[in-house]
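Next comes entry_37.pdb, with PDB, C-alpha atoms and all ligand atoms.
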```pdb
ATOM      1  CA  MET A   1      -8.350  19.172 -13.085
ATOM      2  CA  LEU A   2     -11.975  18.049 -12.933
ATOM      3  CA  GLU A   3     -14.101  18.918  -9.892
ATOM      4  CA  LEU A   4     -14.630  15.780  -7.796
ATOM      5  CA  PRO A   5     -17.992  15.383  -6.061
ATOM      6  CA  ASN A   6     -18.265  14.833  -2.277
ATOM      7  CA  LYS A   7     -20.283  11.643  -2.186
ATOM      8  CA  ALA A   8     -19.715   8.247  -3.753
ATOM      9  CA  ARG A   9     -21.538   7.715  -6.992
ATOM     10  CA  THR A  10     -23.458   4.497  -6.678
ATOM     11  CA  LYS A  11     -23.122   4.037 -10.407
ATOM     12  CA  PRO A  12     -19.538   4.040 -11.616
ATOM     13  CA  LEU A  13     -18.490   6.228 -14.517
ATOM     14  CA  LYS A  14     -17.295   4.742 -17.800
ATOM     15  CA  GLU A  15     -14.292   7.019 -18.228
ATOM     16  CA  SER A  16     -12.243   9.702 -16.535
ATOM     17  CA  ARG A  17     -10.189  12.649 -17.677
ATOM     18  CA  CYS A  18      -8.657  13.501 -14.290
ATOM     19  CA  ARG A  19      -5.192  15.002 -14.540
ATOM     20  CA  TRP A  20      -3.369  11.801 -13.585
ATOM     21  CA  TRP A  21      -4.505   9.929 -16.717
ATOM     22  CA  GLN A  22      -2.839  10.113 -20.098
ATOM     23  CA  GLY A  23      -5.775  11.661 -21.953
ATOM     24  CA  THR A  24      -9.007   9.778 -21.259
ATOM     25  CA  TYR A  25      -9.010   6.608 -19.159
ATOM     26  CA  LYS A  26     -11.741   4.273 -20.397
ATOM     27  CA  GLY A  27     -12.984   1.788 -17.818
ATOM     28  CA  VAL A  28     -15.057   1.436 -14.646
ATOM     29  CA  VAL A  29     -14.296   4.422 -12.394
ATOM     30  CA  TYR A  30     -15.707   5.268  -8.972
ATOM     31  CA  ARG A  31     -14.989   8.918  -8.414
ATOM     32  CA  HIS A  32     -14.713  10.433  -4.954
ATOM     33  CA  LYS A  33     -13.839  13.779  -3.501
ATOM     34  CA  HIS A  34     -10.110  13.115  -3.218
ATOM     35  CA  GLY A  35      -9.476  10.302  -5.657
ATOM     36  CA  GLU A  36     -10.597   7.522  -7.927
ATOM     37  CA  ILE A  37     -11.103   3.766  -7.663
ATOM     38  CA  VAL A  38     -10.855   1.800 -10.875
ATOM     39  CA  CYS A  39     -11.814  -1.784 -11.550
ATOM     40  CA  ASP A  40      -9.052  -3.030 -13.811
ATOM     41  CA  ASP A  41      -5.821  -4.972 -14.092
ATOM     42  CA  ALA A  42      -2.991  -3.278 -12.172
ATOM     43  CA  LEU A  43      -0.696  -3.159 -15.176
ATOM     44  CA  HIS A  44      -3.304  -1.582 -17.434
ATOM     45  CA  VAL A  45      -3.960   1.062 -14.773
ATOM     46  CA  LEU A  46      -0.247   1.837 -14.441
ATOM     47  CA  ASP A  47       0.099   1.950 -18.240
ATOM     48  CA  SER A  48      -2.774   4.442 -18.420
ATOM     49  CA  LEU A  49      -1.354   6.830 -15.813
ATOM     50  CA  ARG A  50       0.715   9.842 -16.812
ATOM     51  CA  GLU A  51       4.458   9.519 -16.231
ATOM     52  CA  GLU A  52       5.734  11.313 -13.116
ATOM     53  CA  CYS A  53       2.299  11.940 -11.609
ATOM     54  CA  ALA A  54       2.670  10.106  -8.274
ATOM     55  CA  ASP A  55       4.433  10.927  -5.006
ATOM     56  CA  ILE A  56       4.025   7.382  -3.660
ATOM     57  CA  VAL A  57       3.350   4.027  -5.294
ATOM     58  CA  PHE A  58       2.305   1.366  -2.801
ATOM     59  CA  LEU A  59       2.381  -2.243  -4.031
ATOM     60  CA  ASP A  60       0.721  -5.041  -2.063
ATOM     61  CA  PRO A  61       0.328  -7.571  -4.876
ATOM     62  CA  PRO A  62      -1.018 -11.114  -4.642
ATOM     63  CA  PHE A  63       1.781 -13.298  -3.260
ATOM     64  CA  ASN A  64       1.317 -16.086  -5.849
ATOM     65  CA  LEU A  65       0.371 -18.500  -3.096
ATOM     66  CA  GLY A  66      -2.880 -19.702  -4.640
ATOM     67  CA  LYS A  67      -5.129 -17.474  -2.514
ATOM     68  CA  ARG A  68      -8.685 -16.784  -3.600
ATOM     69  CA  TYR A  69      -9.460 -13.100  -4.044
ATOM     70  CA  GLY A  70     -13.136 -12.316  -4.572
ATOM     71  CA  LYS A  71     -15.609 -14.389  -6.561
ATOM     72  CA  ASN A  72     -13.628 -14.589  -9.796
ATOM     73  CA  GLY A  73     -10.074 -14.406  -8.645
ATOM     74  CA  SER A  74      -9.082 -17.924  -7.627
ATOM     75  CA  HIS A  75      -6.973 -18.561 -10.733
ATOM     76  CA  HIS A  76      -5.096 -15.231 -10.610
ATOM     77  CA  ASP A  77      -2.863 -16.033  -7.706
ATOM     78  CA  LYS A  78      -1.124 -19.175  -8.942
ATOM     79  CA  LYS A  79       1.024 -18.327 -11.921
ATOM     80  CA  LYS A  80       4.171 -20.134 -13.003
ATOM     81  CA  GLU A  81       7.062 -18.502 -11.156
ATOM     82  CA  SER A  82       8.521 -17.180 -14.418
ATOM     83  CA  GLU A  83       5.158 -15.681 -15.427
ATOM     84  CA  TYR A  84       4.684 -14.048 -12.047
ATOM     85  CA  LEU A  85       8.178 -12.568 -12.187
ATOM     86  CA  GLN A  86       7.568 -11.229 -15.707
ATOM     87  CA  TYR A  87       4.280  -9.629 -14.679
ATOM     88  CA  MET A  88       5.787  -8.056 -11.558
ATOM     89  CA  GLU A  89       8.777  -6.792 -13.543
ATOM     90  CA  LYS A  90       6.384  -4.852 -15.784
ATOM     91  CA  VAL A  91       4.403  -3.595 -12.775
ATOM     92  CA  ILE A  92       7.614  -2.351 -11.153
ATOM     93  CA  SER A  93       8.926  -0.726 -14.300
ATOM     94  CA  ARG A  94       5.637   1.164 -14.888
ATOM     95  CA  SER A  95       5.395   2.064 -11.195
ATOM     96  CA  ALA A  96       8.836   3.659 -11.420
ATOM     97  CA  ALA A  97       7.744   5.570 -14.531
ATOM     98  CA  VAL A  98       4.642   7.051 -12.872
ATOM     99  CA  LEU A  99       6.679   8.212  -9.860
ATOM    100  CA  LYS A 100       7.803  11.827  -9.754
ATOM    101  CA  ASP A 101      11.460  12.583  -9.130
ATOM    102  CA  GLY A 102      11.928  12.129  -5.386
ATOM    103  CA  GLY A 103       8.822   9.911  -5.176
ATOM    104  CA  ALA A 104       8.782   6.722  -3.101
ATOM    105  CA  LEU A 105       7.855   3.139  -3.953
ATOM    106  CA  TYR A 106       6.943   0.633  -1.244
ATOM    107  CA  LEU A 107       6.570  -3.076  -1.989
ATOM    108  CA  TYR A 108       4.945  -5.299   0.651
ATOM    109  CA  HIS A 109       5.764  -8.961   0.106
ATOM    110  CA  ILE A 110       7.061 -12.183   1.572
ATOM    111  CA  PRO A 111      10.892 -12.322   1.657
ATOM    112  CA  LYS A 112      11.022 -15.032  -1.052
ATOM    113  CA  TRP A 113       9.537 -12.630  -3.591
ATOM    114  CA  ALA A 114      10.875  -9.374  -2.167
ATOM    115  CA  ILE A 115      14.393 -10.653  -2.801
ATOM    116  CA  ARG A 116      13.643 -11.854  -6.355
ATOM    117  CA  LEU A 117      11.921  -8.571  -7.238
ATOM    118  CA  SER A 118      14.657  -6.323  -5.855
ATOM    119  CA  PRO A 119      16.858  -6.460  -9.037
ATOM    120  CA  PHE A 120      13.939  -4.958 -11.014
ATOM    121  CA  LEU A 121      13.531  -2.212  -8.430
ATOM    122  CA  GLU A 122      17.293  -1.548  -8.419
ATOM    123  CA  GLU A 123      17.166  -1.020 -12.183
ATOM    124  CA  HIS A 124      14.978   2.067 -11.835
ATOM    125  CA  LEU A 125      15.126   3.298  -8.253
ATOM    126  CA  ASP A 126      17.361   3.853  -5.242
ATOM    127  CA  PHE A 127      17.183   1.469  -2.318
ATOM    128  CA  ARG A 128      16.374   3.045   1.066
ATOM    129  CA  HIS A 129      15.220   0.282   3.422
ATOM    130  CA  TRP A 130      14.168  -3.315   3.872
ATOM    131  CA  ILE A 131      11.604  -2.948   6.650
ATOM    132  CA  ALA A 132      10.825  -6.163   8.521
ATOM    133  CA  ILE A 133       7.205  -6.267   9.662
ATOM    134  CA  SER A 134       6.621  -8.976  12.210
ATOM    135  CA  MET A 135       4.207 -11.673  11.099
ATOM    136  CA  LYS A 136       2.027 -12.964  13.911
ATOM    137  CA  ASN A 137       0.327 -15.743  11.965
ATOM    138  CA  GLY A 138       3.112 -17.497  10.052
ATOM    139  CA  PHE A 139       3.413 -21.273  10.118
ATOM    140  CA  VAL A 140       6.335 -23.559   9.351
ATOM    141  CA  ARG A 141       6.387 -25.275   5.953
ATOM    142  CA  GLY A 142       8.558 -28.348   5.284
ATOM    143  CA  ASP A 143      12.219 -27.946   6.153
ATOM    144  CA  HIS A 144      12.131 -24.183   6.690
ATOM    145  CA  LEU A 145      12.457 -21.865   9.655
ATOM    146  CA  TYR A 146       9.356 -20.354  11.191
ATOM    147  CA  PRO A 147       8.553 -17.301   9.025
ATOM    148  CA  ALA A 148       8.258 -14.315  11.335
ATOM    149  CA  HIS A 149       8.317 -11.274   9.067
ATOM    150  CA  TYR A 150       7.012  -9.670   5.888
ATOM    151  CA  ALA A 151       9.279  -7.376   3.890
ATOM    152  CA  LEU A 152       8.318  -3.810   3.099
ATOM    153  CA  THR A 153      10.990  -2.634   0.699
ATOM    154  CA  TYR A 154      11.294   1.116   0.293
ATOM    155  CA  TYR A 155      12.883   2.790  -2.747
ATOM    156  CA  THR A 156      12.963   6.353  -4.047
ATOM    157  CA  LYS A 157      13.452   7.910  -7.459
ATOM    158  CA  GLY A 158      16.622   9.835  -6.704
ATOM    159  CA  LYS A 159      16.874  11.894  -3.534
ATOM    160  CA  PRO A 160      13.674  11.560  -1.466
ATOM    161  CA  GLY A 161      11.267  14.455  -2.055
ATOM    162  CA  ALA A 162       9.816  13.905   1.412
ATOM    163  CA  PHE A 163      11.107  12.081   4.432
ATOM    164  CA  ASN A 164       9.543  12.453   7.857
ATOM    165  CA  ARG A 165      10.721   9.991  10.476
ATOM    166  CA  PRO A 166       7.882   9.347  12.915
ATOM    167  CA  LYS A 167       8.265   8.701  16.634
ATOM    168  CA  VAL A 168       6.592   5.637  18.063
ATOM    169  CA  PRO A 169       5.715   4.894  21.710
ATOM    170  CA  LYS A 170       8.417   3.213  23.794
ATOM    171  CA  PRO A 171       7.776  -0.506  24.328
ATOM    172  CA  ILE A 172       6.339  -0.956  27.813
ATOM    173  CA  CYS A 173       5.830  -4.104  29.912
ATOM    174  CA  ALA A 174       2.089  -4.916  29.762
ATOM    175  CA  ARG A 175       2.088  -6.017  33.419
ATOM    176  CA  CYS A 176       4.379  -3.638  35.289
ATOM    177  CA  LYS A 177       4.130  -0.713  32.789
ATOM    178  CA  LYS A 178       7.930  -0.198  33.001
ATOM    179  CA  ASP A 179      10.209   0.294  29.980
ATOM    180  CA  LEU A 180      11.149  -2.967  28.278
ATOM    181  CA  ARG A 181      14.517  -1.536  27.211
ATOM    182  CA  ASP A 182      17.277   0.126  29.124
ATOM    183  CA  TYR A 183      17.978   3.557  27.626
ATOM    184  CA  GLY A 184      20.834   4.314  30.038
ATOM    185  CA  GLY A 185      21.612   8.019  30.151
ATOM    186  CA  TYR A 186      19.354   8.677  27.142
ATOM    187  CA  LYS A 187      16.057   8.098  28.952
ATOM    188  CA  LYS A 188      15.114  11.777  28.922
ATOM    189  CA  TYR A 189      15.394  11.828  25.118
ATOM    190  CA  VAL A 190      12.854   9.047  24.632
ATOM    191  CA  GLU A 191      10.100  10.297  26.930
ATOM    192  CA  ASN A 192       8.034  11.426  23.901
ATOM    193  CA  GLY A 193       8.691   8.263  21.899
ATOM    194  CA  ILE A 194      11.521   6.586  20.025
ATOM    195  CA  ASN A 195      12.514   6.982  16.371
ATOM    196  CA  LEU A 196      10.847   4.475  14.074
ATOM    197  CA  SER A 197      13.322   1.743  13.071
ATOM    198  CA  ASP A 198      13.332  -0.695  10.150
ATOM    199  CA  VAL A 199      11.832  -3.436  12.325
ATOM    200  CA  TRP A 200       8.105  -2.956  12.907
ATOM    201  CA  ASP A 201       7.175  -5.424  15.604
ATOM    202  CA  ASP A 202       4.302  -3.414  17.031
ATOM    203  CA  ILE A 203       1.742  -4.297  14.339
ATOM    204  CA  SER A 204      -1.078  -6.775  14.778
ATOM    205  CA  PRO A 205      -2.913  -8.355  11.854
ATOM    206  CA  VAL A 206      -6.525  -7.323  11.231
ATOM    207  CA  ARG A 207      -8.184 -10.341  12.825
ATOM    208  CA  HIS A 208     -11.361  -9.314  14.613
ATOM    209  CA  HIS A 209     -14.381  -9.696  12.344
ATOM    210  CA  LYS A 210     -15.823  -6.379  13.535
ATOM    211  CA  LYS A 211     -12.717  -4.585  12.260
ATOM    212  CA  LYS A 212     -12.102  -6.706   9.196
ATOM    213  CA  THR A 213     -13.616  -5.358   5.998
ATOM    214  CA  ARG A 214     -13.216  -8.463   3.828
ATOM    215  CA  ALA A 215     -12.253 -12.098   3.911
ATOM    216  CA  ALA A 216      -8.492 -12.032   3.476
ATOM    217  CA  ASN A 217      -5.356  -9.942   3.288
ATOM    218  CA  GLU A 218      -6.600  -6.599   4.543
ATOM    219  CA  LEU A 219      -3.581  -4.683   5.818
ATOM    220  CA  PRO A 220      -3.663  -2.998   9.199
ATOM    221  CA  LEU A 221      -4.185   0.726   8.568
ATOM    222  CA  ILE A 222      -0.982   1.563  10.437
ATOM    223  CA  ILE A 223       1.182   0.181   7.574
ATOM    224  CA  PRO A 224      -0.009   2.541   4.788
ATOM    225  CA  GLN A 225      -0.312   5.276   7.414
ATOM    226  CA  ARG A 226       3.378   4.970   8.259
ATOM    227  CA  VAL A 227       4.103   5.045   4.525
ATOM    228  CA  THR A 228       2.183   8.320   4.082
ATOM    229  CA  THR A 229       3.859   9.739   7.190
ATOM    230  CA  LEU A 230       7.342   8.806   5.905
ATOM    231  CA  SER A 231       6.933   9.855   2.270
ATOM    232  CA  GLY A 232       3.614  11.660   1.903
ATOM    233  CA  ILE A 233       3.090  15.185   0.698
ATOM    234  CA  GLU A 234      -0.155  16.996   1.524
ATOM    235  CA  GLY A 235      -2.101  17.342  -1.720
ATOM    236  CA  GLY A 236       0.215  14.780  -3.389
ATOM    237  CA  LEU A 237      -0.888  11.578  -5.107
ATOM    238  CA  ILE A 238      -0.622   7.990  -3.884
ATOM    239  CA  VAL A 239      -1.185   5.109  -6.338
ATOM    240  CA  ASP A 240      -2.106   1.599  -5.149
ATOM    241  CA  PRO A 241      -2.886  -0.732  -8.062
ATOM    242  CA  PHE A 242      -3.647  -3.837  -5.907
ATOM    243  CA  ALA A 243      -5.811  -2.053  -3.379
ATOM    244  CA  GLY A 244      -8.093  -4.872  -2.112
ATOM    245  CA  SER A 245     -10.234  -3.457   0.672
ATOM    246  CA  GLY A 246      -8.832   0.050   0.169
ATOM    247  CA  THR A 247      -6.763   0.522   3.336
ATOM    248  CA  THR A 248      -4.599   2.940   1.343
ATOM    249  CA  ILE A 249      -7.628   5.150   0.685
ATOM    250  CA  LEU A 250      -8.079   5.679   4.427
ATOM    251  CA  ALA A 251      -4.375   6.429   4.888
ATOM    252  CA  ALA A 252      -4.465   8.899   1.984
ATOM    253  CA  ARG A 253      -7.530  10.692   3.356
ATOM    254  CA  LEU A 254      -5.978  10.913   6.833
ATOM    255  CA  ALA A 255      -2.793  12.371   5.309
ATOM    256  CA  GLY A 256      -4.573  14.840   3.027
ATOM    257  CA  MET A 257      -3.383  13.076  -0.123
ATOM    258  CA  ARG A 258      -5.204  12.247  -3.348
ATOM    259  CA  TYR A 259      -5.366   8.651  -4.490
ATOM    260  CA  VAL A 260      -5.769   6.418  -7.518
ATOM    261  CA  VAL A 261      -6.366   2.819  -6.498
ATOM    262  CA  SER A 262      -7.482  -0.251  -8.399
ATOM    263  CA  ASP A 263      -8.388  -3.888  -8.038
ATOM    264  CA  SER A 264      -9.317  -6.468 -10.642
ATOM    265  CA  GLU A 265     -12.234  -7.701  -8.504
ATOM    266  CA  LYS A 266     -15.474  -5.752  -8.926
ATOM    267  CA  GLU A 267     -16.725  -6.578  -5.433
ATOM    268  CA  TYR A 268     -13.593  -5.067  -3.860
ATOM    269  CA  CYS A 269     -13.973  -1.905  -5.931
ATOM    270  CA  GLU A 270     -17.550  -1.540  -4.682
ATOM    271  CA  LEU A 271     -16.361  -2.134  -1.135
ATOM    272  CA  MET A 272     -13.625   0.480  -1.566
ATOM    273  CA  SER A 273     -16.133   2.944  -2.906
ATOM    274  CA  THR A 274     -18.116   2.563   0.324
ATOM    275  CA  ARG A 275     -14.958   2.811   2.393
ATOM    276  CA  ALA A 276     -13.974   6.009   0.611
ATOM    277  CA  CYS A 277     -17.071   7.641   2.163
ATOM    278  CA  GLU A 278     -16.464   6.369   5.723
ATOM    279  CA  ASP A 279     -16.555   9.093   8.305
ATOM    280  CA  ILE A 280     -12.973   9.708   9.342
ATOM    281  CA  PRO A 281     -11.201  12.871  10.453
ATOM    282  CA  GLU A 282      -9.648  13.410   7.033
ATOM    283  CA  LYS A 283      -7.461  16.409   6.274
ATOM    284  CA  GLY A 284      -8.452  16.737   2.644
ATOM    285  CA  PRO A 285      -5.790  17.762   0.144
ATOM    286  CA  ALA A 286      -4.943  21.432   0.043
TER
HETATM  287  C1  LIG A 301      -2.738  -8.701  -1.022
HETATM  288  S1  LIG A 301      -4.251  -8.072  -1.614
HETATM  289  C2  LIG A 301      -4.183  -6.345  -1.251
HETATM  290  C3  LIG A 301      -4.788  -6.006   0.104
HETATM  291  C4  LIG A 301      -4.899  -4.531   0.385
HETATM  292  N1  LIG A 301      -3.596  -3.915   0.578
HETATM  293  C5  LIG A 301      -5.789  -4.264   1.598
HETATM  294  O1  LIG A 301      -5.319  -3.697   2.593
HETATM  295  O2  LIG A 301      -6.957  -4.675   1.550
HETATM  296  C6  LIG A 301      -4.001  -8.116  -3.360
HETATM  297  C7  LIG A 301      -5.192  -7.615  -4.143
HETATM  298  O3  LIG A 301      -4.814  -7.570  -5.527
HETATM  299  C8  LIG A 301      -5.952  -7.917  -6.306
HETATM  300  N2  LIG A 301      -5.427  -8.383  -7.603
HETATM  301  C9  LIG A 301      -4.948  -9.604  -7.945
HETATM  302  N3  LIG A 301      -4.476  -9.591  -9.203
HETATM  303  C10 LIG A 301      -4.672  -8.341  -9.684
HETATM  304  C11 LIG A 301      -4.377  -7.703 -10.911
HETATM  305  N4  LIG A 301      -3.774  -8.351 -11.915
HETATM  306  N5  LIG A 301      -4.706  -6.393 -11.058
HETATM  307  C12 LIG A 301      -5.313  -5.703 -10.034
HETATM  308  N6  LIG A 301      -5.599  -6.266  -8.838
HETATM  309  C13 LIG A 301      -5.292  -7.566  -8.664
HETATM  310  C14 LIG A 301      -6.686  -8.964  -5.510
HETATM  311  O4  LIG A 301      -8.057  -9.002  -5.851
HETATM  312  C15 LIG A 301      -6.438  -8.492  -4.061
HETATM  313  O5  LIG A 301      -7.519  -7.723  -3.599
END
```
Kindly present the structure from the file in structure tokens form.
Amino acid sequence: MLELPNKARTKPLKESRCRWWQGTYKGVVYRHKHGEIVCDDALHVLDSLREECADIVFLDPPFNLGKRYGKNGSHHDKKKESEYLQYMEKVISRSAAVLKDGGALYLYHIPKWAIRLSPFLEEHLDFRHWIAISMKNGFVRGDHLYPAHYALTYYTKGKPGAFNRPKVPKPICARCKKDLRDYGGYKKYVENGINLSDVWDDISPVRHHKKKTRAANELPLIIPQRVTTLSGIEGGLIVDPFAGSGTTILAARLAGMRYVVSDSEKEYCELMSTRACEDIPEKGPA
């Protein structure tokens, strides 16, 4: 394992020989104390990683809705459906290969694609949950229902190596501060919070410009943080090949995990490199 420096390098490296790569990875690499950011295509990054090196793979790919990512990315997000499926099949198959036994894969997507991609996931991994994350900004298209959730599908490679079920605060009435639900005789058991369920309706999108790091699609930190709480291992590795603004980097640092993240857009990689140095109360991998 190479020693990683504390501070961001303003100039990226041209290669890396960190232990997660198969031999030498050649490409643009921003190296940080607990991980690396690479500017490359997700599939090439996954192909270059060693098999069974990761504890978590987190996938938040473009949704193929014609969104513009960065200065060069407008054409990336509108493939033919068959092309998009083919690409994502390869991404999923390589993601499964880089996972350790017991490792966890999370795919964040809209239900239309989550359902089409699930057969590829089923081929390699074991289904654990379809987590519905409430969508606060959906709008009705044509003759469809109002879309009110994203899917976060959660799979493991065999028996989960880690599983920690977090407690979340009880829902409370904003006005009267009383419980919104009736817990009957079980009230005393929920005083310190309730077990996290597979419906996450307590998450707000990153909207406020002071909080938002980039133009579009930045995930609220709580989503990757819940992922690292559920399946993280201190000192373990999380891989996010479509990392955008780098929300996963913050979650990894808070959980004491190492990370390898990538994005095809140079400007996002630079942004992530700055974010990787943000002052946060990180644990730092053991
Ligand atoms: C939905 S966003 C991810 C947002 C991220 N989770 C965050 O919190 O900021 C998808 C990202 O994938 C990147 N992307 C698109 N196609 C890619 C590809 N083939 N390889 C790597 N990254 C790609 C886009 O530039 C975009 O930043």
(Q) Need the shell around Pro166 of chain A: protein/DNA/RNA residues with any atom at most 12 Å away, counting all atoms listed in the file. Skip same-chain ones fewer than 3 positions apart. Format as a PyMOL selection string? (A) chain A and resi 163+169+192-198+225-231
Could you take the residues named above and write them with C-alpha atoms, as an mmCIF file, keeping the file's coordinate frame?
```cif
data_model
loop_
_atom_site.group_PDB
_atom_site.id
_atom_site.type_symbol
_atom_site.label_atom_id
_atom_site.label_comp_id
_atom_site.auth_asym_id
_atom_site.auth_seq_id
_atom_site.Cartn_x
_atom_site.Cartn_y
_atom_site.Cartn_z
ATOM 1 C CA PHE A 163 11.107 12.081 4.432
ATOM 2 C CA PRO A 169 5.715 4.894 21.710
ATOM 3 C CA ASN A 192 8.034 11.426 23.901
ATOM 4 C CA GLY A 193 8.691 8.263 21.899
ATOM 5 C CA ILE A 194 11.521 6.586 20.025
ATOM 6 C CA ASN A 195 12.514 6.982 16.371
ATOM 7 C CA LEU A 196 10.847 4.475 14.074
ATOM 8 C CA SER A 197 13.322 1.743 13.071
ATOM 9 C CA ASP A 198 13.332 -0.695 10.150
ATOM 10 C CA GLN A 225 -0.312 5.276 7.414
ATOM 11 C CA ARG A 226 3.378 4.970 8.259
ATOM 12 C CA VAL A 227 4.103 5.045 4.525
ATOM 13 C CA THR A 228 2.183 8.320 4.082
ATOM 14 C CA THR A 229 3.859 9.739 7.190
ATOM 15 C CA LEU A 230 7.342 8.806 5.905
ATOM 16 C CA SER A 231 6.933 9.855 2.270
#
```
Shell around Phe58 of chain A at 12 Å using only C-alpha atoms, local window under 2 positions removed, as a PDB file with C-alpha atoms, in the coordinates of the input:
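As written to disk, around-v9.pdb reads:
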```pdb
ATOM      1  CA  ALA A  42      -2.991  -3.278 -12.172  1.00  0.00           C
ATOM      2  CA  LEU A  46      -0.247   1.837 -14.441  1.00  0.00           C
ATOM      3  CA  ALA A  54       2.670  10.106  -8.274  1.00  0.00           C
ATOM      4  CA  ASP A  55       4.433  10.927  -5.006  1.00  0.00           C
ATOM      5  CA  ILE A  56       4.025   7.382  -3.660  1.00  0.00           C
ATOM      6  CA  ASP A  60       0.721  -5.041  -2.063  1.00  0.00           C
ATOM      7  CA  PRO A  61       0.328  -7.571  -4.876  1.00  0.00           C
ATOM      8  CA  VAL A  91       4.403  -3.595 -12.775  1.00  0.00           C
ATOM      9  CA  ILE A  92       7.614  -2.351 -11.153  1.00  0.00           C
ATOM     10  CA  SER A  95       5.395   2.064 -11.195  1.00  0.00           C
ATOM     11  CA  ALA A  96       8.836   3.659 -11.420  1.00  0.00           C
ATOM     12  CA  VAL A  98       4.642   7.051 -12.872  1.00  0.00           C
ATOM     13  CA  LEU A  99       6.679   8.212  -9.860  1.00  0.00           C
ATOM     14  CA  GLY A 103       8.822   9.911  -5.176  1.00  0.00           C
ATOM     15  CA  ALA A 104       8.782   6.722  -3.101  1.00  0.00           C
ATOM     16  CA  LEU A 105       7.855   3.139  -3.953  1.00  0.00           C
ATOM     17  CA  TYR A 106       6.943   0.633  -1.244  1.00  0.00           C
ATOM     18  CA  LEU A 107       6.570  -3.076  -1.989  1.00  0.00           C
ATOM     19  CA  TYR A 108       4.945  -5.299   0.651  1.00  0.00           C
ATOM     20  CA  HIS A 109       5.764  -8.961   0.106  1.00  0.00           C
ATOM     21  CA  LEU A 152       8.318  -3.810   3.099  1.00  0.00           C
ATOM     22  CA  THR A 153      10.990  -2.634   0.699  1.00  0.00           C
ATOM     23  CA  TYR A 154      11.294   1.116   0.293  1.00  0.00           C
ATOM     24  CA  TYR A 155      12.883   2.790  -2.747  1.00  0.00           C
ATOM     25  CA  THR A 156      12.963   6.353  -4.047  1.00  0.00           C
ATOM     26  CA  ILE A 223       1.182   0.181   7.574  1.00  0.00           C
ATOM     27  CA  PRO A 224      -0.009   2.541   4.788  1.00  0.00           C
ATOM     28  CA  GLN A 225      -0.312   5.276   7.414  1.00  0.00           C
ATOM     29  CA  ARG A 226       3.378   4.970   8.259  1.00  0.00           C
ATOM     30  CA  VAL A 227       4.103   5.045   4.525  1.00  0.00           C
ATOM     31  CA  THR A 228       2.183   8.320   4.082  1.00  0.00           C
ATOM     32  CA  SER A 231       6.933   9.855   2.270  1.00  0.00           C
ATOM     33  CA  GLY A 232       3.614  11.660   1.903  1.00  0.00           C
ATOM     34  CA  LEU A 237      -0.888  11.578  -5.107  1.00  0.00           C
ATOM     35  CA  ILE A 238      -0.622   7.990  -3.884  1.00  0.00           C
ATOM     36  CA  VAL A 239      -1.185   5.109  -6.338  1.00  0.00           C
ATOM     37  CA  ASP A 240      -2.106   1.599  -5.149  1.00  0.00           C
ATOM     38  CA  PRO A 241      -2.886  -0.732  -8.062  1.00  0.00           C
ATOM     39  CA  PHE A 242      -3.647  -3.837  -5.907  1.00  0.00           C
ATOM     40  CA  ALA A 243      -5.811  -2.053  -3.379  1.00  0.00           C
ATOM     41  CA  GLY A 246      -8.832   0.050   0.169  1.00  0.00           C
ATOM     42  CA  THR A 247      -6.763   0.522   3.336  1.00  0.00           C
ATOM     43  CA  THR A 248      -4.599   2.940   1.343  1.00  0.00           C
ATOM     44  CA  ILE A 249      -7.628   5.150   0.685  1.00  0.00           C
ATOM     45  CA  ALA A 251      -4.375   6.429   4.888  1.00  0.00           C
ATOM     46  CA  ALA A 252      -4.465   8.899   1.984  1.00  0.00           C
ATOM     47  CA  TYR A 259      -5.366   8.651  -4.490  1.00  0.00           C
ATOM     48  CA  VAL A 260      -5.769   6.418  -7.518  1.00  0.00           C
ATOM     49  CA  VAL A 261      -6.366   2.819  -6.498  1.00  0.00           C
ATOM     50  CA  SER A 262      -7.482  -0.251  -8.399  1.00  0.00           C
TER      51      SER A 262
END
```
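You will find atom CA of Cys53 of chain A at 20.8 Å from atom C11 of ligand LIG 301 (chain A).
If you measure from each of A:Phe63, A:Lys33, A:Ile115, A:Tyr84 to Arg253 of chain A using all atoms listed in the file, the closest one turns out to be A:Lys33.
The spacing separating atom CA of Ser273 of chain A from atom CA of Tyr30 of chain A amounts to 6.5 Å.
Compared by their closest atoms to Thr24 of chain A, and using all atoms listed in the file, the residues A:Ile280, A:Asp40, A:Leu49, A:Tyr146 rank with A:Leu49 nearest.
In this comparison, which uses only C-alpha atoms and all ligand atoms, the residue of A:Ile131, A:Ile222, A:Met257, A:Leu121 approaching ligand LIG 301 (chain A) most closely is A:Ile222.
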Q.
Env of Val38 of chain A: 10 Å cut, atoms = all atoms listed in the file, seq-sep filter 2 positions within chain, self excluded. Answer as number ranges by chain.
A. A: 12-16, 25-31, 36, 40-42, 45, 241, 243, 260-266, 269-270, 272-273
Q.
So the first atom is atom CA of Ala114 of chain A and the second is atom CA of Leu59 of chain A; what is the distance between them in Å, to one decimal place?
A. 11.2 Å
Q | Nearest candidate to ligand LIG 301 (chain A) (options A:Phe120, A:Trp20, A:Tyr268, A:Trp130; using all atoms listed in the file) | A |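 Closest candidate: A:Tyr268.
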Centre, x/y/z edge lengths, axis-aligned box for ligand LIG 301 (chain A) with 3 Å per side, as JSON:
```
{"center_x": -5.4, "center_y": -6.7, "center_z": -4.7, "size_x": 11.3, "size_y": 11.9, "size_z": 20.5}
```
Q.
With distances taken over all atoms listed in the file, which residue among A:Lys78, A:Lys112, A:His34, A:Arg50 lies nearest ligand LIG 301 (chain A)?
A.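 Looking at the shortest contact to ligand LIG 301 (chain A), the residue is A:Lys78.
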Q) Pick the closest to Lys157 of chain A from A:Met135, A:Leu180, A:Leu125, A:Leu250: which is it, counting all atoms listed in the file? A) A:Leu125
